[in-house]
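The structure appears below as structure tokens.
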Amino acid sequence: MLNFTFKNQTEILFGKGQLSEVSSRLPKQAKVLFLYGGGSIKKNGIYDKVTTALAGADVIEFQGVEPNPEFETLMKAVNIARENDVNFILAVGGGSVIDGAKFVAAAVNFAGDPWDILVKGAAFENPLPIGAVLTLPATGSESNGNSVVNRKETSQKRAFSSETVQPVFAVLDPEFTYSLPPRQVSNGVVDAFVHVIEQYLTYPVNAPLQDRFAEGILQTLVQEGPKALATPEDYDVRANVMWSATMALNGLIGKGVPQDWGTHMIGHELTALHGLDHAVTLAIVLPSLMFVQRDKKQEKILQLGERVFGIQENDKEKAIDLTIKAVQDFFETMQVKTRLSDHNIEKSAIDGLIENLERNGLTALGEHGDIDLAKAREILTLAA
């Protein structure tokens, strides 16, 4: 097992009715930026519940954070926060809203161009504290310091990470997920699944506890994900999916083990250039990446196949093929298509994707840093 440090500062408020705890977690004389997305929370009743929970606080609302949060939109929120001397951000929504809140929190007191936080790793000080009310389990953003922001004008999707913008609390009420459209349920399960894979499917470092943690989350998602589509108001199913998505990326399972993230980096370019949902890009890229990297990942692919999908095959190459197919079939079962052609993206578009990887300096991806542009092209071609 590799050396690591681990601290997770987010207080998880899990279960029915936990939103009532929010008011006691706000700072004194709270001036809250209530950040949310397209307005679905006004239709499903969550908006009313949040405003009730915020009674007594000075609240400024900002609606309109996109599914892939846009830099331009978030800068409007930054300016509102500055103009109103906001001292706390409450993000209500899925990972995109929470990611957006982290960027706003970092940018409010940043003296330079806030885009530099994303593209240059510029240091920032005194970020605003954040709380989260999760409505879409997927990214784990509610209990980590990661943020991904899109910028259409430059066709870039960039990320930053800092524990200083990690939410101080997160409300996880499974009932808040009942009204999610099937597409968002599908995407959330796939996203969480691939988050685990990025931290698990590398090479062994004698970290059996981490492996079993990861496999437990994967097994739960494989078992409960389809049920979440079939029985959308089954509290126990939604609770298991929600907690799995949080545990997938709260920092625990990645400690002491190598991590990959090549699937995410390549997938980001599909979102930046073609507007595909984040989880859809992961479902397209991962099976092909597993195939191209099968020799480097052999031991963990075989372990994944046996422990998560129950594959019993003595021929290692066949077992690897069956495992890759099982992963791809799971995505399809979750109603997420796994080919570029399924999304009307031609092979000719791969050139632009490779150019963007190069422009963004993403030329040595994966746990070994050996996914260069040629391998990335091979992966995308195989996914066509």
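Labeling convention for the structure tokens: chains A, B, ... as they appear, residues from 1 per chain, ligands from 1 in order of appearance.
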
Checklist line | Filtered DSSP result for stretch 169-359 of chain A, state alpha helix (DSSP H), as a ChimeraX atom specification | finding: /A:182-200,208-230,235-248,262-274,278-292,298-307,316-333,350-359

Taking a cut-off of 8 Å and counting only C-alpha atoms, can you build a table that, for each residue of stretch 253-370 of chain A near stretch 178-188 of chain A, reports the nearest atom pair and how far apart they are in Å (one decimal), sorted by chain then residue number, as a Markdown table?
| residue | atom | partner | partner_atom | distance |
| --- | --- | --- | --- | --- |
| A:Asp277 | CA | A:Asn187 | CA | 7.8 |
| A:His278 | CA | A:Asn187 | CA | 7.8 |
| A:Ala279 | CA | A:Asn187 | CA | 5.1 |
| A:Val280 | CA | A:Asn187 | CA | 6.9 |
| A:Met334 | CA | A:Ser186 | CA | 5.3 |
| A:Gln335 | CA | A:Ser186 | CA | 6.5 |
| A:Val336 | CA | A:Ser186 | CA | 6.8 |

Residues just named, written with N, CA, C and O atoms as a tab-separated table (two decimals), in the first residue's frame:
chain	number	residue	atom	x	y	z
A	277	ASP	N	-23.33	14.19	-22.36
A	277	ASP	CA	-23.37	14.08	-20.91
A	277	ASP	C	-22.08	13.44	-20.41
A	277	ASP	O	-21.53	12.52	-21.04
A	278	HIS	N	-21.61	13.90	-19.25
A	278	HIS	CA	-20.35	13.40	-18.70
A	278	HIS	C	-20.35	11.88	-18.59
A	278	HIS	O	-19.41	11.20	-19.03
A	279	ALA	N	-21.40	11.31	-18.00
A	279	ALA	CA	-21.43	9.86	-17.81
A	279	ALA	C	-21.45	9.11	-19.13
A	279	ALA	O	-20.87	8.02	-19.25
A	280	VAL	N	-22.09	9.68	-20.13
A	280	VAL	CA	-22.12	9.06	-21.45
A	280	VAL	C	-20.71	8.95	-22.02
A	280	VAL	O	-20.33	7.92	-22.58
A	334	MET	N	-28.06	0.05	-18.06
A	334	MET	CA	-28.43	1.33	-17.46
A	334	MET	C	-28.90	2.35	-18.50
A	334	MET	O	-29.05	3.52	-18.20
A	335	GLN	N	-29.10	1.86	-19.73
A	335	GLN	CA	-29.65	2.67	-20.82
A	335	GLN	C	-28.70	3.78	-21.28
A	335	GLN	O	-29.13	4.86	-21.69
A	336	VAL	N	-27.40	3.50	-21.17
A	336	VAL	CA	-26.39	4.44	-21.65
A	336	VAL	C	-25.63	3.77	-22.80
A	336	VAL	O	-25.00	2.73	-22.61

Next item on the list: Measuring atom to atom with only C-alpha atoms, identify which of A:Phe110, A:Phe331, A:Tyr47, A:Phe176 is nearest to A:Asn79.
Entry: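 With only C-alpha atoms as the atom set, the closest residue is A:Phe110.
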
Check: So what do you get for atom CA of A:Ala248 versus atom CA of A:Thr220, distance-wise?
Finding: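 So the two atoms, atom CA of A:Ala248 and atom CA of A:Thr220, lie 11.1 Å apart.
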
Fewer than 6 positions away in the same chain doesn't count, so skip those; otherwise give me all residues within 6 Å of A:Ala384, counting only C-alpha atoms, as a CSV table (one decimal) with N, CA and C atoms, in the first residue's frame.
chain,number,residue,atom,x,y,z
A,339,ARG,N,-21.1,3.7,-27.8
A,339,ARG,CA,-20.3,3.9,-29.0
A,339,ARG,C,-20.5,5.3,-29.5
A,340,LEU,N,-19.4,5.9,-30.1
A,340,LEU,CA,-19.5,7.2,-30.6
A,340,LEU,C,-20.6,7.3,-31.7
A,341,SER,N,-20.7,6.2,-32.5
A,341,SER,CA,-21.7,6.2,-33.5
A,341,SER,C,-23.2,6.2,-33.0

Margin query: Report as a PyMOL selection string all protein, DNA and RNA residues lying within 7 Å of stretch 158-164 of chain A, evaluated on only C-alpha atoms, omitting residues in the same chain fewer than 5 positions from it.
Written below: chain A and resi 117-119+121+127+145-150

Next item on the list: Find the spatial neighbours of A:Arg82, counting only C-alpha atoms, within a cut-off of 10 Å - ignore same-chain residues fewer than 6 positions away - and output them as an MDAnalysis selection string.
Entry: chainID A and resid 76 104 107:109

Output of the above residues as a short mmCIF file (atom, residue, chain, number, x, y, z; two decimals), in the first residue's frame, restricted to N, CA and C atoms:
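Now in out_33.cif:
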data_model
loop_
_atom_site.label_atom_id
_atom_site.label_comp_id
_atom_site.auth_asym_id
_atom_site.auth_seq_id
_atom_site.Cartn_x
_atom_site.Cartn_y
_atom_site.Cartn_z
N LYS A 76 -21.10 35.16 -13.33
CA LYS A 76 -22.23 36.00 -12.93
C LYS A 76 -22.56 35.77 -11.45
N VAL A 104 -17.20 29.19 -7.59
CA VAL A 104 -17.63 30.50 -7.10
C VAL A 104 -16.95 30.80 -5.77
N ALA A 107 -13.40 31.78 -6.40
CA ALA A 107 -13.19 32.96 -7.24
C ALA A 107 -13.57 34.27 -6.56
N VAL A 108 -14.47 34.22 -5.58
CA VAL A 108 -15.01 35.45 -4.99
C VAL A 108 -13.90 36.37 -4.48
N ASN A 109 -12.93 35.83 -3.81
CA ASN A 109 -11.85 36.66 -3.24
C ASN A 109 -10.54 36.55 -4.02
#

Would you kindly return, as an mmCIF file with N, CA, C and O atoms, in the first residue's frame, each protein, DNA or RNA residue with an atom no farther than 7 Å from any atom of stretch 263-276 of chain A, considering only C-alpha atoms and excluding same-chain residues fewer than 5 positions away?
data_model
loop_
_atom_site.group_PDB
_atom_site.id
_atom_site.type_symbol
_atom_site.label_atom_id
_atom_site.label_comp_id
_atom_site.auth_asym_id
_atom_site.auth_seq_id
_atom_site.Cartn_x
_atom_site.Cartn_y
_atom_site.Cartn_z
ATOM 1 N N ASN A 150 -16.823 24.027 -17.444
ATOM 2 C CA ASN A 150 -16.788 24.061 -18.903
ATOM 3 C C ASN A 150 -16.664 25.510 -19.383
ATOM 4 O O ASN A 150 -17.127 26.443 -18.720
ATOM 5 N N SER A 155 -13.888 25.862 -25.938
ATOM 6 C CA SER A 155 -14.060 24.408 -26.068
ATOM 7 C C SER A 155 -13.174 23.651 -25.078
ATOM 8 O O SER A 155 -12.497 22.682 -25.420
ATOM 9 N N GLN A 156 -13.211 24.110 -23.824
ATOM 10 C CA GLN A 156 -12.401 23.482 -22.782
ATOM 11 C C GLN A 156 -13.264 23.081 -21.594
ATOM 12 O O GLN A 156 -14.208 23.790 -21.226
ATOM 13 N N LYS A 157 -12.911 21.962 -21.027
ATOM 14 C CA LYS A 157 -13.516 21.497 -19.783
ATOM 15 C C LYS A 157 -12.362 21.207 -18.837
ATOM 16 O O LYS A 157 -11.602 20.258 -19.035
ATOM 17 N N THR A 281 -19.921 9.997 -21.835
ATOM 18 C CA THR A 281 -18.543 9.949 -22.344
ATOM 19 C C THR A 281 -17.746 8.853 -21.646
ATOM 20 O O THR A 281 -16.914 8.191 -22.273
ATOM 21 N N LEU A 282 -17.991 8.658 -20.366
ATOM 22 C CA LEU A 282 -17.271 7.612 -19.621
ATOM 23 C C LEU A 282 -17.649 6.228 -20.128
ATOM 24 O O LEU A 282 -16.794 5.345 -20.255
ATOM 25 N N VAL A 285 -15.808 5.633 -23.420
ATOM 26 C CA VAL A 285 -14.346 5.517 -23.377
ATOM 27 C C VAL A 285 -13.868 4.297 -22.591
ATOM 28 O O VAL A 285 -12.925 3.601 -23.015
ATOM 29 N N LEU A 286 -14.485 4.005 -21.441
ATOM 30 C CA LEU A 286 -13.920 2.997 -20.534
ATOM 31 C C LEU A 286 -13.732 1.614 -21.162
ATOM 32 O O LEU A 286 -12.636 1.035 -21.048
ATOM 33 N N LEU A 353 -10.741 15.730 -31.290
ATOM 34 C CA LEU A 353 -10.597 15.314 -29.898
ATOM 35 C C LEU A 353 -9.123 15.174 -29.510
ATOM 36 O O LEU A 353 -8.713 15.608 -28.423
ATOM 37 N N ASN A 356 -7.539 18.561 -29.130
ATOM 38 C CA ASN A 356 -7.881 19.208 -27.871
ATOM 39 C C ASN A 356 -7.108 18.610 -26.697
ATOM 40 O O ASN A 356 -6.704 19.320 -25.778
#

Margin query: Would you compute the distance between atom CA of A:Leu380 and atom CA of A:Lys347? Give it in Å to one decimal.
Written below: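 Computing the Euclidean distance for atom CA of A:Leu380 and atom CA of A:Lys347 yields 8.4 Å.
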